[in-house]
Structures are given as structure tokens and as C-alpha cells.
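Okay, structure first, notes after.
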Amino acid sequence: MNSSSKLPVLLGLFLASFVAAKAKALIGPSTPDPFSSISLNSITHRKEAVFNVLSFGAKLGGTKDNTQNFMKTWVAACRSKQPARVVIPSGVFLINQIVFAGPCRNTEPIVVQIDATLKGGVDVSEYVSAEWILFEKINGLIVTGRGTLDGQGSKVWKYNDCHVNQNCQKLPVSFKLNGIRHGLVKGLTSLNSKGNHMFITNSENIRVRKLHLIAPDDSPNTDGIHLSRSTNVRITKSIIATGDDCISVGRGSMNVVITQIKCGPGHGISIGSLGKYPNEEDVRGIIVRNCTLINTDNGLRIKTWADSPPSAAVGILFQDINLINVKNPIIIDQQYSCSKVCKKPPSRVRISDVHFVNIKGTTISPVAVKLVCSKRFPCQNIEMSNVNLKYSGRPNDKALPFRSDCTNAKVGYRGLQFPAPCK
């Protein structure tokens, strides 16, 4: 191999080692995975008490309200001295709002096996808070199975006025984790959620794997997975096709890794929105890697409100992302939900140490990279490394300059850049 042919190889090795070191620095020291010694197979074969909802009076068919029967099943399982498994067998069950609350008696993880289709009640006046199925204050939880959570959102989306009312009453999330330590959610399908499909908050050491989250592209505020105030979260190998962000990482999220997600339709993968509320906690150590976004309204996005209280978004890596016919593929928007000529004071969310590495694909937007940062606190240490995007929009627009636009951002560049860097 001659010296000229060695150069690309050496450059690739350098960038790979640089990115690996950067990812390690962003996510911090590795934390023990609570499930590293507990496989689903070993859980299946452990000696455990089984609590089947049919034994507590639940009826198949999708017409009888089984909420109380499911609650009785949970209470019995949570109080069990033995390791416990709640079984919801194949079939269709109707349930309204339900809370599976801990702490539970046994110290081993409690398993909830969902193989049924669960249909959510559609009278939103019966929901006293904005969630349908809530797991709360549990140390050790595994929710798994081949089941479907059917929120029946198409019957209530007409009540959503969030597009015209910033203080709107949000429709119920289909599946919420609140105050969970050491949780695994695997294998489920969420269909037509009323609001978000899944919400993880105030939790730590959470693993989410192999989910299918599905709703029409025009369904309102049906985020796939929303995070807030949670630490050490891993989301992987999931398919999300919905009407809002596929994944949104909100305030107080730290040490989050998102990998192998197929996203689209939807609004892409977002950090934020941030800065809407007083005293928001910072967002730190977020890695989004090996994901594919198809026909989404946005690609990789960081969004903060104008005139926001102070907070920070620090240490964010987007790496090895494939974009197909995506609008706004790379965007930082610190004037979120403000008019084009924003007259509000600038955002006080400080954005720094953000890395876009190996981003490739096609976009329908003439502006492929758009960084609109705060005039008061400009974005610091934004890195673009090997960005290769091609325009795939309307033929009549091909005469428009394919470009990058940056405002109030300090950006560094490595490797290939297409479109050309901001001037």
C-alpha cells in the first residue's frame, strides 16, 4: 500500500478513535446494567408465583371494563413473597386508566407479561391525569410480551387543540414509567396512542428494546418515546412511525443512548423542547447512533424556547445516521414556537459540545444544516464531521443554492462537508 492510499485508512482510524473517545467522555463512566445477570430466559425459568388476570375475573372480548380485575391481579402479585409474574394472555381486553404502583414485597424484578391486545377507554373525562397505563415507584420491573396497547386515539384526537393552544390539556400517554429503578420494556406494540406512546420520567437504569410504536403521520402530539428527569436510559432496536417526534429527550435527562431506531414518518429525533418551564434541569450526555430516518419532518434536532429560563444542553453526539428524504436534516432551533421574525428575548438555554458525525443521506430541504442559536448565549463547540447530504426535493427547486445556514454558532469542521460549511 502506497502512502497516498494509506491516508484515507489512517484518517478513518483516527476519526473512529476520536469518536469512540468522545462518546465515552459524553456518557461518562459506565454504570452497571441491572439486567446484565438476569436474562429474560432465566426469568422465565425461575421459580415464581404466576398471577393470571383471568383468575381475577377479567373477561375477554373488549367490551367489559377490566380495570379493577387488572388492579386486583397487580396487588396480589406485588404483595407476593415469591418472585411474581402477572400474565395477561392472548385475546382482547378493555381497560381504562390504571396505576400499577409499588414498592413491591419481593426484591426480585416483577414481570408483567402482555400477550393480549389492550384497548384503552375513549371517554377522556374518566382520566384523572394524562396517562392510560402507569407503572410507578417500582424497584425492578420487566414488561414484555407480544401484546398491543391500542389507545384508540383516532376517537379522541379531535379534542387535541395543542396546535393553537400552548397551555392545552394533553391527551393521555399510553404507557408511562414514573419513579422506576431498574426497568426493562421489550417486545410490545403501541398503536394509535391518544397522546405520547411512551413517557419515561423520574427513573433510572431503564432499557427499552424492540418496540413498535405506530400512529398516522397526522396524529397530533403522538411522540413515540419522551424522556424527562431520567438517568442511564438505553433505547434500541425499535420501529417508530408516528405523528410527532419519534424520540424526544426532555429536561433533566442524563446518560441516554439511543441506537438502531427506524424512525418515520414523524418529526425525527429531538433534544427538547427545552426551556418552557422554570428551573429545568440540564440535559447532559446524549448519544444517538446507528439510526435511520425516513420521510420525517425533521431529522436531528435540538429545540429550545425563546425567552426561556436558564438551563443547558451539553455533550450530545449524533453518529452514523442515515437520512432518506428528510426535511430539515440537521437543525438547532433556539426560537422554537416563535414566529419567523421572533421578537421575544433570546433563549437562555446554553448549548455546547454537540457533535454530528457521519451523517449521510438525502433531504427535501434546500437548507440542509440550519443552526439558529441564541444571540445571548451562542452555541459553543458545535462539530460537523463527515456530513454528506444530497438534495432530493422538487426538480424546480434544484436551482436554489443547497446550503448551510448558521446564526450565533461556533462551528468546527472535519472531513467531508456537503453542503459546504457555513461561511
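The chains in the C-alpha cells are called A, B, ... from first to last as shown; in each chain the residues are counted from 1, and the ligands are counted from 1 in the order shown.
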Give me the residues within 9 Å of Asn160 (chain A) as an mmCIF file with all heavy atoms, in the first residue's frame, counting only C-alpha atoms and dropping any in the same chain fewer than 6 places off.
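Saved the output as result-v5.cif:
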```cif
data_model
loop_
_atom_site.group_PDB
_atom_site.id
_atom_site.type_symbol
_atom_site.label_atom_id
_atom_site.label_comp_id
_atom_site.auth_asym_id
_atom_site.auth_seq_id
_atom_site.Cartn_x
_atom_site.Cartn_y
_atom_site.Cartn_z
ATOM 1 N N CYS A 168 -52.534 23.801 26.363
ATOM 2 C CA CYS A 168 -53.604 22.825 26.136
ATOM 3 C C CYS A 168 -53.545 21.696 27.159
ATOM 4 O O CYS A 168 -52.512 21.429 27.770
ATOM 5 C CB CYS A 168 -53.481 22.245 24.730
ATOM 6 S SG CYS A 168 -51.909 21.385 24.439
ATOM 7 N N GLN A 169 -54.666 21.021 27.309
ATOM 8 C CA GLN A 169 -54.746 19.831 28.142
ATOM 9 C C GLN A 169 -54.339 18.630 27.298
ATOM 10 O O GLN A 169 -55.032 18.265 26.346
ATOM 11 C CB GLN A 169 -56.171 19.639 28.680
ATOM 12 C CG GLN A 169 -56.340 18.441 29.616
ATOM 13 C CD GLN A 169 -55.535 18.581 30.895
ATOM 14 O OE1 GLN A 169 -55.506 19.643 31.500
ATOM 15 N NE2 GLN A 169 -54.878 17.506 31.307
ATOM 16 N N LYS A 170 -53.202 18.026 27.622
ATOM 17 C CA LYS A 170 -52.699 16.936 26.795
ATOM 18 C C LYS A 170 -53.519 15.669 26.995
ATOM 19 O O LYS A 170 -53.988 15.368 28.093
ATOM 20 C CB LYS A 170 -51.227 16.681 27.109
ATOM 21 C CG LYS A 170 -50.325 17.825 26.683
ATOM 22 C CD LYS A 170 -48.862 17.487 26.863
ATOM 23 C CE LYS A 170 -47.976 18.627 26.365
ATOM 24 N NZ LYS A 170 -46.538 18.310 26.523
ATOM 25 N N LEU A 171 -53.668 14.928 25.918
ATOM 26 C CA LEU A 171 -54.377 13.650 25.974
ATOM 27 C C LEU A 171 -53.478 12.588 26.615
ATOM 28 O O LEU A 171 -52.256 12.719 26.643
ATOM 29 C CB LEU A 171 -54.797 13.229 24.573
ATOM 30 C CG LEU A 171 -55.844 14.137 23.900
ATOM 31 C CD1 LEU A 171 -56.092 13.704 22.458
ATOM 32 C CD2 LEU A 171 -57.166 14.122 24.686
ATOM 33 N N GLY A 195 -52.169 10.357 23.268
ATOM 34 C CA GLY A 195 -51.085 11.330 23.325
ATOM 35 C C GLY A 195 -49.791 10.619 22.958
ATOM 36 O O GLY A 195 -49.728 9.889 21.967
ATOM 37 N N PRO A 220 -52.007 14.013 16.234
ATOM 38 C CA PRO A 220 -51.407 15.134 16.968
ATOM 39 C C PRO A 220 -50.688 14.713 18.244
ATOM 40 O O PRO A 220 -51.223 13.963 19.059
ATOM 41 C CB PRO A 220 -52.620 16.023 17.301
ATOM 42 C CG PRO A 220 -53.770 15.066 17.392
ATOM 43 C CD PRO A 220 -53.483 13.985 16.395
ATOM 44 N N ASN A 221 -49.456 15.190 18.400
ATOM 45 C CA ASN A 221 -48.686 15.030 19.653
ATOM 46 C C ASN A 221 -48.531 13.574 20.077
ATOM 47 O O ASN A 221 -48.534 13.254 21.263
ATOM 48 C CB ASN A 221 -49.337 15.835 20.778
ATOM 49 C CG ASN A 221 -49.388 17.317 20.471
ATOM 50 O OD1 ASN A 221 -50.451 17.867 20.213
ATOM 51 N ND2 ASN A 221 -48.237 17.977 20.459
#
```
Tell me which protein, DNA and RNA residues are within 7 Å of region 283-287 of chain A, counting only C-alpha atoms, leaving out same-chain ones fewer than 2 positions away, and put them as an NGL selection string. :A and (26-27 or 251-258 or 281 or 289 or 312-318)
Quick one: write out the picked residues with N, CA and C atoms as a compact mmCIF listing (two decimals), in the first residue's frame?
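Produced file result.txt, reproduced below:
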```txt
# COMPACT_ATOMS: atom_id res chain seq x y z
N LEU A 26 -18.73 11.73 26.72
CA LEU A 26 -20.08 12.27 26.83
C LEU A 26 -20.92 11.49 27.83
N ILE A 27 -20.84 10.17 27.74
CA ILE A 27 -21.74 9.35 28.54
C ILE A 27 -21.20 9.11 29.94
N ARG A 251 -36.10 17.73 29.61
CA ARG A 251 -35.34 18.30 30.73
C ARG A 251 -34.89 17.23 31.72
N GLY A 252 -33.69 17.42 32.24
CA GLY A 252 -33.18 16.54 33.28
C GLY A 252 -32.79 15.15 32.82
N SER A 253 -32.64 14.95 31.51
CA SER A 253 -32.22 13.64 31.01
C SER A 253 -30.70 13.59 30.96
N MET A 254 -30.13 12.50 31.49
CA MET A 254 -28.68 12.35 31.54
C MET A 254 -28.28 10.92 31.20
N ASN A 255 -27.16 10.78 30.49
CA ASN A 255 -26.64 9.46 30.13
C ASN A 255 -27.70 8.63 29.42
N VAL A 256 -28.05 9.06 28.22
CA VAL A 256 -29.07 8.40 27.39
C VAL A 256 -28.40 7.93 26.11
N VAL A 257 -28.62 6.67 25.75
CA VAL A 257 -28.10 6.11 24.50
C VAL A 257 -29.27 5.60 23.67
N ILE A 258 -29.35 6.08 22.43
CA ILE A 258 -30.42 5.71 21.50
C ILE A 258 -29.76 5.10 20.28
N GLU A 281 -33.94 21.19 34.79
CA GLU A 281 -32.63 20.59 34.96
C GLU A 281 -31.94 20.47 33.61
N ARG A 289 -27.14 7.00 17.81
CA ARG A 289 -26.18 6.33 16.93
C ARG A 289 -26.87 5.23 16.12
N ALA A 312 -29.12 24.17 30.44
CA ALA A 312 -28.06 23.82 29.49
C ALA A 312 -28.35 22.48 28.83
N ALA A 313 -27.85 22.36 27.60
CA ALA A 313 -27.82 21.08 26.88
C ALA A 313 -26.37 20.87 26.46
N VAL A 314 -25.72 19.88 27.07
CA VAL A 314 -24.26 19.73 26.96
C VAL A 314 -23.91 18.28 26.65
N GLY A 315 -22.98 18.08 25.72
CA GLY A 315 -22.47 16.74 25.47
C GLY A 315 -23.45 15.87 24.71
N ILE A 316 -23.64 16.17 23.42
CA ILE A 316 -24.62 15.45 22.60
C ILE A 316 -23.92 14.96 21.35
N LEU A 317 -24.09 13.67 21.03
CA LEU A 317 -23.46 13.07 19.87
C LEU A 317 -24.51 12.41 18.99
N PHE A 318 -24.57 12.84 17.71
CA PHE A 318 -25.34 12.16 16.68
C PHE A 318 -24.33 11.51 15.74
```
As a list in words, please: every residue in region 242-283 of chain A that DSSP puts in strand (DSSP E or B). Ile247, Ser248, Val249, Met254, Asn255, Val256, Val257, Ile258, Thr259, Gln260, Ile261, Lys262, Cys263, Ile269, Ser270, Ile271, Gly272, Ser273, Leu274 and Val283 of chain A
Can you pull out every residue within 12 Å of Arg394 (chain A), counting only C-alpha atoms, but drop anything in the same chain fewer than 5 positions away, and send it as a list in words? Asn325, Thr363, Ile364, Ser365, Pro366, Ala399 and Leu400 of chain A
Same residues, N, CA, C and O atoms, output as a PDB file, in the first residue's frame:
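Final output, saved to out-v4.pdb:
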```
ATOM      1  N   ASN A 325     -34.838  11.281   2.346  1.00  0.00           N
ATOM      2  CA  ASN A 325     -35.886  12.262   2.010  1.00  0.00           C
ATOM      3  C   ASN A 325     -36.425  12.978   3.247  1.00  0.00           C
ATOM      4  O   ASN A 325     -37.642  13.112   3.442  1.00  0.00           O
ATOM      5  N   THR A 363     -32.205  14.868   1.410  1.00  0.00           N
ATOM      6  CA  THR A 363     -33.115  15.796   2.066  1.00  0.00           C
ATOM      7  C   THR A 363     -33.945  16.534   1.027  1.00  0.00           C
ATOM      8  O   THR A 363     -33.465  16.813  -0.086  1.00  0.00           O
ATOM      9  N   ILE A 364     -35.172  16.879   1.396  1.00  0.00           N
ATOM     10  CA  ILE A 364     -36.027  17.671   0.512  1.00  0.00           C
ATOM     11  C   ILE A 364     -35.901  19.161   0.821  1.00  0.00           C
ATOM     12  O   ILE A 364     -36.609  19.969   0.229  1.00  0.00           O
ATOM     13  N   SER A 365     -35.009  19.530   1.749  1.00  0.00           N
ATOM     14  CA  SER A 365     -34.836  20.933   2.145  1.00  0.00           C
ATOM     15  C   SER A 365     -33.602  21.535   1.472  1.00  0.00           C
ATOM     16  O   SER A 365     -32.511  20.969   1.572  1.00  0.00           O
ATOM     17  N   PRO A 366     -33.727  22.698   0.822  1.00  0.00           N
ATOM     18  CA  PRO A 366     -32.538  23.349   0.267  1.00  0.00           C
ATOM     19  C   PRO A 366     -31.530  23.752   1.331  1.00  0.00           C
ATOM     20  O   PRO A 366     -30.334  23.809   1.059  1.00  0.00           O
ATOM     21  N   ALA A 399     -32.538  24.672  -8.695  1.00  0.00           N
ATOM     22  CA  ALA A 399     -31.763  25.876  -8.994  1.00  0.00           C
ATOM     23  C   ALA A 399     -31.409  26.648  -7.730  1.00  0.00           C
ATOM     24  O   ALA A 399     -30.512  27.493  -7.737  1.00  0.00           O
ATOM     25  N   LEU A 400     -32.131  26.354  -6.625  1.00  0.00           N
ATOM     26  CA  LEU A 400     -31.840  27.037  -5.372  1.00  0.00           C
ATOM     27  C   LEU A 400     -30.496  26.570  -4.824  1.00  0.00           C
ATOM     28  O   LEU A 400     -30.116  25.403  -4.990  1.00  0.00           O
TER      29      LEU A 400
END
```
How far is it from CA of Val249 (chain A) to CA of Ile269 (chain A), in Å with one decimal?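 Straight-line distance from CA of Val249 (chain A) to CA of Ile269 (chain A) works out to 8.3 Å.
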CA of Thr362 (chain A) and CA of Arg403 (chain A) are how many Å apart?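 A separation of 13.2 Å between them.
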Quick one: pull the distance between CA of Pro309 (chain A) and CA of Glu280 (chain A), Å, one decimal. 7.8 Å
Need to verify the contact set: Ile351 (chain A), 10 Å, only C-alpha atoms, exclusion of same-chain residues closer than 5 positions in sequence. Can you return it as a PDB file with N, CA, C and O atoms, in the first residue's frame?
```pdb
ATOM      1  N   VAL A 283     -29.709  18.977  30.423  1.00  0.00           N
ATOM      2  CA  VAL A 283     -29.629  17.743  29.642  1.00  0.00           C
ATOM      3  C   VAL A 283     -28.157  17.490  29.328  1.00  0.00           C
ATOM      4  O   VAL A 283     -27.476  18.366  28.791  1.00  0.00           O
ATOM      5  N   ILE A 302     -32.259  19.930  17.878  1.00  0.00           N
ATOM      6  CA  ILE A 302     -32.233  20.459  19.250  1.00  0.00           C
ATOM      7  C   ILE A 302     -33.123  21.688  19.241  1.00  0.00           C
ATOM      8  O   ILE A 302     -32.930  22.600  18.428  1.00  0.00           O
ATOM      9  N   THR A 304     -35.144  24.732  21.610  1.00  0.00           N
ATOM     10  CA  THR A 304     -35.356  25.421  22.882  1.00  0.00           C
ATOM     11  C   THR A 304     -36.277  26.612  22.643  1.00  0.00           C
ATOM     12  O   THR A 304     -36.297  27.195  21.562  1.00  0.00           O
ATOM     13  N   SER A 311     -30.869  27.184  31.489  1.00  0.00           N
ATOM     14  CA  SER A 311     -30.505  25.778  31.677  1.00  0.00           C
ATOM     15  C   SER A 311     -29.457  25.464  30.619  1.00  0.00           C
ATOM     16  O   SER A 311     -28.953  26.369  29.948  1.00  0.00           O
ATOM     17  N   ALA A 312     -29.116  24.170  30.440  1.00  0.00           N
ATOM     18  CA  ALA A 312     -28.056  23.819  29.494  1.00  0.00           C
ATOM     19  C   ALA A 312     -28.346  22.482  28.825  1.00  0.00           C
ATOM     20  O   ALA A 312     -28.992  21.597  29.405  1.00  0.00           O
ATOM     21  N   ALA A 313     -27.852  22.357  27.601  1.00  0.00           N
ATOM     22  CA  ALA A 313     -27.817  21.081  26.882  1.00  0.00           C
ATOM     23  C   ALA A 313     -26.373  20.866  26.463  1.00  0.00           C
ATOM     24  O   ALA A 313     -25.850  21.584  25.597  1.00  0.00           O
ATOM     25  N   VAL A 314     -25.716  19.877  27.068  1.00  0.00           N
ATOM     26  CA  VAL A 314     -24.262  19.731  26.955  1.00  0.00           C
ATOM     27  C   VAL A 314     -23.909  18.278  26.649  1.00  0.00           C
ATOM     28  O   VAL A 314     -24.439  17.359  27.275  1.00  0.00           O
ATOM     29  N   GLY A 315     -22.978  18.079  25.719  1.00  0.00           N
ATOM     30  CA  GLY A 315     -22.471  16.735  25.469  1.00  0.00           C
ATOM     31  C   GLY A 315     -23.453  15.872  24.713  1.00  0.00           C
ATOM     32  O   GLY A 315     -24.040  14.944  25.272  1.00  0.00           O
ATOM     33  N   ILE A 316     -23.640  16.166  23.422  1.00  0.00           N
ATOM     34  CA  ILE A 316     -24.623  15.453  22.599  1.00  0.00           C
ATOM     35  C   ILE A 316     -23.916  14.961  21.347  1.00  0.00           C
ATOM     36  O   ILE A 316     -23.227  15.717  20.659  1.00  0.00           O
ATOM     37  N   ILE A 332     -30.659  23.135  14.741  1.00  0.00           N
ATOM     38  CA  ILE A 332     -30.733  23.662  16.104  1.00  0.00           C
ATOM     39  C   ILE A 332     -31.628  24.889  16.039  1.00  0.00           C
ATOM     40  O   ILE A 332     -31.348  25.830  15.295  1.00  0.00           O
ATOM     41  N   GLN A 334     -33.311  27.632  18.421  1.00  0.00           N
ATOM     42  CA  GLN A 334     -33.486  28.257  19.729  1.00  0.00           C
ATOM     43  C   GLN A 334     -34.548  29.346  19.708  1.00  0.00           C
ATOM     44  O   GLN A 334     -34.637  30.168  20.635  1.00  0.00           O
ATOM     45  N   CYS A 373     -29.060  29.746  16.756  1.00  0.00           N
ATOM     46  CA  CYS A 373     -28.718  29.712  18.177  1.00  0.00           C
ATOM     47  C   CYS A 373     -29.042  31.045  18.843  1.00  0.00           C
ATOM     48  O   CYS A 373     -29.390  32.033  18.193  1.00  0.00           O
ATOM     49  N   SER A 374     -28.938  31.049  20.148  1.00  0.00           N
ATOM     50  CA  SER A 374     -29.309  32.213  20.948  1.00  0.00           C
ATOM     51  C   SER A 374     -28.301  33.350  20.766  1.00  0.00           C
ATOM     52  O   SER A 374     -27.084  33.130  20.829  1.00  0.00           O
ATOM     53  N   PHE A 377     -26.658  33.659  24.294  1.00  0.00           N
ATOM     54  CA  PHE A 377     -25.720  32.584  24.614  1.00  0.00           C
ATOM     55  C   PHE A 377     -25.493  31.756  23.347  1.00  0.00           C
ATOM     56  O   PHE A 377     -26.153  30.727  23.153  1.00  0.00           O
ATOM     57  N   PRO A 378     -24.602  32.175  22.468  1.00  0.00           N
ATOM     58  CA  PRO A 378     -24.354  31.439  21.225  1.00  0.00           C
ATOM     59  C   PRO A 378     -23.959  29.986  21.492  1.00  0.00           C
ATOM     60  O   PRO A 378     -23.371  29.658  22.530  1.00  0.00           O
ATOM     61  N   CYS A 379     -24.289  29.114  20.542  1.00  0.00           N
ATOM     62  CA  CYS A 379     -23.904  27.707  20.651  1.00  0.00           C
ATOM     63  C   CYS A 379     -22.384  27.581  20.599  1.00  0.00           C
ATOM     64  O   CYS A 379     -21.724  28.203  19.752  1.00  0.00           O
ATOM     65  N   GLN A 380     -21.823  26.776  21.477  1.00  0.00           N
ATOM     66  CA  GLN A 380     -20.378  26.613  21.605  1.00  0.00           C
ATOM     67  C   GLN A 380     -19.959  25.188  21.224  1.00  0.00           C
ATOM     68  O   GLN A 380     -20.640  24.223  21.572  1.00  0.00           O
ATOM     69  N   ASN A 381     -18.828  25.103  20.524  1.00  0.00           N
ATOM     70  CA  ASN A 381     -18.219  23.806  20.204  1.00  0.00           C
ATOM     71  C   ASN A 381     -19.204  22.868  19.501  1.00  0.00           C
ATOM     72  O   ASN A 381     -19.450  21.749  19.945  1.00  0.00           O
ATOM     73  N   ILE A 382     -19.752  23.345  18.399  1.00  0.00           N
ATOM     74  CA  ILE A 382     -20.569  22.504  17.527  1.00  0.00           C
ATOM     75  C   ILE A 382     -19.642  21.905  16.481  1.00  0.00           C
ATOM     76  O   ILE A 382     -18.911  22.629  15.803  1.00  0.00           O
ATOM     77  N   ALA A 409     -23.525  30.686  16.130  1.00  0.00           N
ATOM     78  CA  ALA A 409     -22.989  29.352  16.420  1.00  0.00           C
ATOM     79  C   ALA A 409     -21.512  29.295  16.094  1.00  0.00           C
ATOM     80  O   ALA A 409     -21.075  29.764  15.034  1.00  0.00           O
TER      81      ALA A 409
END
```
Cys406 (chain A) environment, 9 Å, only C-alpha atoms, sequence neighbours closer than 6 positions dropped, as a PyMOL selection string: chain A and resi 369-373+421-423
Keeping all heavy atoms, export the residues of the selection given above as an mmCIF file, in the first residue's frame.
```
data_model
loop_
_atom_site.group_PDB
_atom_site.id
_atom_site.type_symbol
_atom_site.label_atom_id
_atom_site.label_comp_id
_atom_site.auth_asym_id
_atom_site.auth_seq_id
_atom_site.Cartn_x
_atom_site.Cartn_y
_atom_site.Cartn_z
ATOM 1 N N VAL A 369 -28.424 22.175 6.658
ATOM 2 C CA VAL A 369 -27.922 22.394 8.016
ATOM 3 C C VAL A 369 -28.361 23.796 8.435
ATOM 4 O O VAL A 369 -27.976 24.782 7.811
ATOM 5 C CB VAL A 369 -26.383 22.279 8.069
ATOM 6 C CG1 VAL A 369 -25.886 22.566 9.482
ATOM 7 C CG2 VAL A 369 -25.933 20.902 7.599
ATOM 8 N N LYS A 370 -29.180 23.849 9.471
ATOM 9 C CA LYS A 370 -29.692 25.145 9.914
ATOM 10 C C LYS A 370 -29.511 25.264 11.421
ATOM 11 O O LYS A 370 -30.147 24.558 12.201
ATOM 12 C CB LYS A 370 -31.168 25.302 9.546
ATOM 13 C CG LYS A 370 -31.715 26.703 9.808
ATOM 14 C CD LYS A 370 -33.112 26.878 9.244
ATOM 15 C CE LYS A 370 -33.597 28.316 9.413
ATOM 16 N NZ LYS A 370 -34.944 28.507 8.828
ATOM 17 N N LEU A 371 -28.619 26.159 11.812
ATOM 18 C CA LEU A 371 -28.326 26.375 13.226
ATOM 19 C C LEU A 371 -28.758 27.794 13.585
ATOM 20 O O LEU A 371 -28.133 28.764 13.166
ATOM 21 C CB LEU A 371 -26.834 26.188 13.507
ATOM 22 C CG LEU A 371 -26.172 24.910 12.960
ATOM 23 C CD1 LEU A 371 -24.710 24.855 13.364
ATOM 24 C CD2 LEU A 371 -26.909 23.660 13.423
ATOM 25 N N VAL A 372 -29.849 27.891 14.335
ATOM 26 C CA VAL A 372 -30.357 29.187 14.795
ATOM 27 C C VAL A 372 -30.176 29.208 16.311
ATOM 28 O O VAL A 372 -31.022 28.709 17.060
ATOM 29 C CB VAL A 372 -31.825 29.401 14.416
ATOM 30 C CG1 VAL A 372 -32.311 30.776 14.879
ATOM 31 C CG2 VAL A 372 -32.022 29.262 12.905
ATOM 32 N N CYS A 373 -29.060 29.746 16.756
ATOM 33 C CA CYS A 373 -28.718 29.712 18.177
ATOM 34 C C CYS A 373 -29.042 31.045 18.843
ATOM 35 O O CYS A 373 -29.390 32.033 18.193
ATOM 36 C CB CYS A 373 -27.243 29.377 18.345
ATOM 37 S SG CYS A 373 -26.822 27.704 17.776
ATOM 38 N N PRO A 421 -19.724 24.144 4.379
ATOM 39 C CA PRO A 421 -19.902 24.710 5.717
ATOM 40 C C PRO A 421 -20.472 26.136 5.670
ATOM 41 O O PRO A 421 -20.396 26.822 4.653
ATOM 42 C CB PRO A 421 -18.473 24.707 6.278
ATOM 43 C CG PRO A 421 -17.745 23.692 5.489
ATOM 44 C CD PRO A 421 -18.337 23.722 4.121
ATOM 45 N N CYS A 422 -21.004 26.540 6.807
ATOM 46 C CA CYS A 422 -21.449 27.917 6.940
ATOM 47 C C CYS A 422 -20.264 28.853 6.748
ATOM 48 O O CYS A 422 -19.144 28.550 7.171
ATOM 49 C CB CYS A 422 -22.040 28.146 8.326
ATOM 50 S SG CYS A 422 -23.571 27.228 8.632
ATOM 51 N N LYS A 423 -20.527 29.979 6.128
ATOM 52 C CA LYS A 423 -19.452 30.953 5.919
ATOM 53 C C LYS A 423 -19.275 31.810 7.167
ATOM 54 O O LYS A 423 -20.212 32.073 7.894
ATOM 55 C CB LYS A 423 -19.794 31.821 4.709
ATOM 56 C CG LYS A 423 -19.839 31.028 3.415
ATOM 57 C CD LYS A 423 -20.165 31.933 2.244
ATOM 58 C CE LYS A 423 -20.187 31.148 0.943
ATOM 59 N NZ LYS A 423 -20.530 31.999 -0.216
#
```
Report the residues of region 118-315 of chain A whose backbone DSSP state falls under helix (DSSP H, G or I), written as a VMD selection string. chain A and resid 124 to 126 153 to 155 157 to 159
Selection export as a short mmCIF file (atom, residue, chain, number, x, y, z; two decimals), in the first residue's frame, atoms kept: N, CA, C and O atoms:
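Saved result, part-v1.cif, follows:
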```cif
data_model
loop_
_atom_site.label_atom_id
_atom_site.label_comp_id
_atom_site.auth_asym_id
_atom_site.auth_seq_id
_atom_site.Cartn_x
_atom_site.Cartn_y
_atom_site.Cartn_z
N VAL A 124 -62.44 10.48 27.64
CA VAL A 124 -61.29 11.13 28.26
C VAL A 124 -61.66 11.82 29.57
O VAL A 124 -60.78 12.13 30.38
N SER A 125 -62.95 12.05 29.83
CA SER A 125 -63.36 12.65 31.09
C SER A 125 -63.12 11.72 32.27
O SER A 125 -63.09 12.15 33.42
N GLU A 126 -62.93 10.43 31.99
CA GLU A 126 -62.68 9.46 33.05
C GLU A 126 -61.19 9.37 33.43
O GLU A 126 -60.85 8.67 34.38
N GLY A 153 -56.72 6.16 19.74
CA GLY A 153 -56.58 7.60 19.67
C GLY A 153 -57.41 8.27 18.60
O GLY A 153 -57.80 9.44 18.75
N SER A 154 -57.71 7.57 17.52
CA SER A 154 -58.47 8.19 16.43
C SER A 154 -59.84 8.67 16.88
O SER A 154 -60.44 9.53 16.25
N LYS A 155 -60.33 8.13 17.99
CA LYS A 155 -61.65 8.53 18.50
C LYS A 155 -61.58 9.79 19.36
O LYS A 155 -62.64 10.35 19.69
N TRP A 157 -58.58 12.24 19.05
CA TRP A 157 -57.63 13.24 18.56
C TRP A 157 -58.30 14.58 18.25
O TRP A 157 -57.68 15.64 18.31
N LYS A 158 -59.58 14.53 17.91
CA LYS A 158 -60.30 15.77 17.60
C LYS A 158 -60.36 16.72 18.79
O LYS A 158 -60.58 17.93 18.62
N TYR A 159 -60.14 16.22 20.00
CA TYR A 159 -60.15 17.08 21.19
C TYR A 159 -58.81 17.76 21.44
O TYR A 159 -58.69 18.56 22.36
#
```
Which polymer residues have any atom within 8 Å of an atom of Gly183 (chain A), counting only C-alpha atoms, with same-chain residues fewer than 4 positions away left out, as an mmCIF file with N, CA and C atoms, in the first residue's frame?
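Printed below is result_28.cif as written:
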```
data_model
loop_
_atom_site.group_PDB
_atom_site.id
_atom_site.type_symbol
_atom_site.label_atom_id
_atom_site.label_comp_id
_atom_site.auth_asym_id
_atom_site.auth_seq_id
_atom_site.Cartn_x
_atom_site.Cartn_y
_atom_site.Cartn_z
ATOM 1 N N ASN A 139 -38.974 -0.876 42.110
ATOM 2 C CA ASN A 139 -37.551 -1.191 42.001
ATOM 3 C C ASN A 139 -37.427 -2.596 41.418
ATOM 4 N N GLY A 140 -37.206 -2.654 40.094
ATOM 5 C CA GLY A 140 -37.111 -3.935 39.401
ATOM 6 C C GLY A 140 -38.404 -4.281 38.690
ATOM 7 N N LEU A 141 -38.476 -3.943 37.400
ATOM 8 C CA LEU A 141 -39.703 -4.148 36.620
ATOM 9 C C LEU A 141 -39.331 -4.624 35.222
ATOM 10 N N ILE A 142 -39.990 -5.690 34.773
ATOM 11 C CA ILE A 142 -39.841 -6.162 33.402
ATOM 12 C C ILE A 142 -41.227 -6.250 32.780
ATOM 13 N N GLU A 204 -34.435 5.647 36.557
ATOM 14 C CA GLU A 204 -33.023 5.386 36.304
ATOM 15 C C GLU A 204 -32.794 3.927 35.969
ATOM 16 N N ASN A 205 -31.773 3.708 35.142
ATOM 17 C CA ASN A 205 -31.422 2.357 34.680
ATOM 18 C C ASN A 205 -32.611 1.698 33.986
ATOM 19 N N ILE A 206 -32.980 2.268 32.839
ATOM 20 C CA ILE A 206 -34.120 1.781 32.060
ATOM 21 C C ILE A 206 -33.617 1.286 30.713
ATOM 22 N N ARG A 207 -34.094 0.115 30.281
ATOM 23 C CA ARG A 207 -33.781 -0.436 28.977
ATOM 24 C C ARG A 207 -35.087 -0.613 28.198
#
```
Using only C-alpha atoms, pick whichever of A:Arg181, A:Arg46, A:His197, A:His267 has the shortest atom-to-atom distance to Asn295 (chain A).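 The answer is A:His267, which sits nearest to Asn295 (chain A).
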Ranking A:Ile235, A:Cys78, A:Leu416, A:Val349 by minimum distance to Tyr277 (chain A) and counting only C-alpha atoms, which one comes first? A:Val349
I'd like the neighbourhood of Gly62 (chain A) as a PyMOL selection string, where a residue qualifies if any of its atoms comes within 7 Å (using only C-alpha atoms), though same-chain residues fewer than 5 positions away should be ignored. chain A and resi 92-94+119
From the list A:Ser90, A:Ser203, A:Asn290, A:Gln152, which residue is nearest Ser219 (chain A) when using only C-alpha atoms?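 Ranked by minimum distance to Ser219 (chain A), first place goes to A:Gln152.
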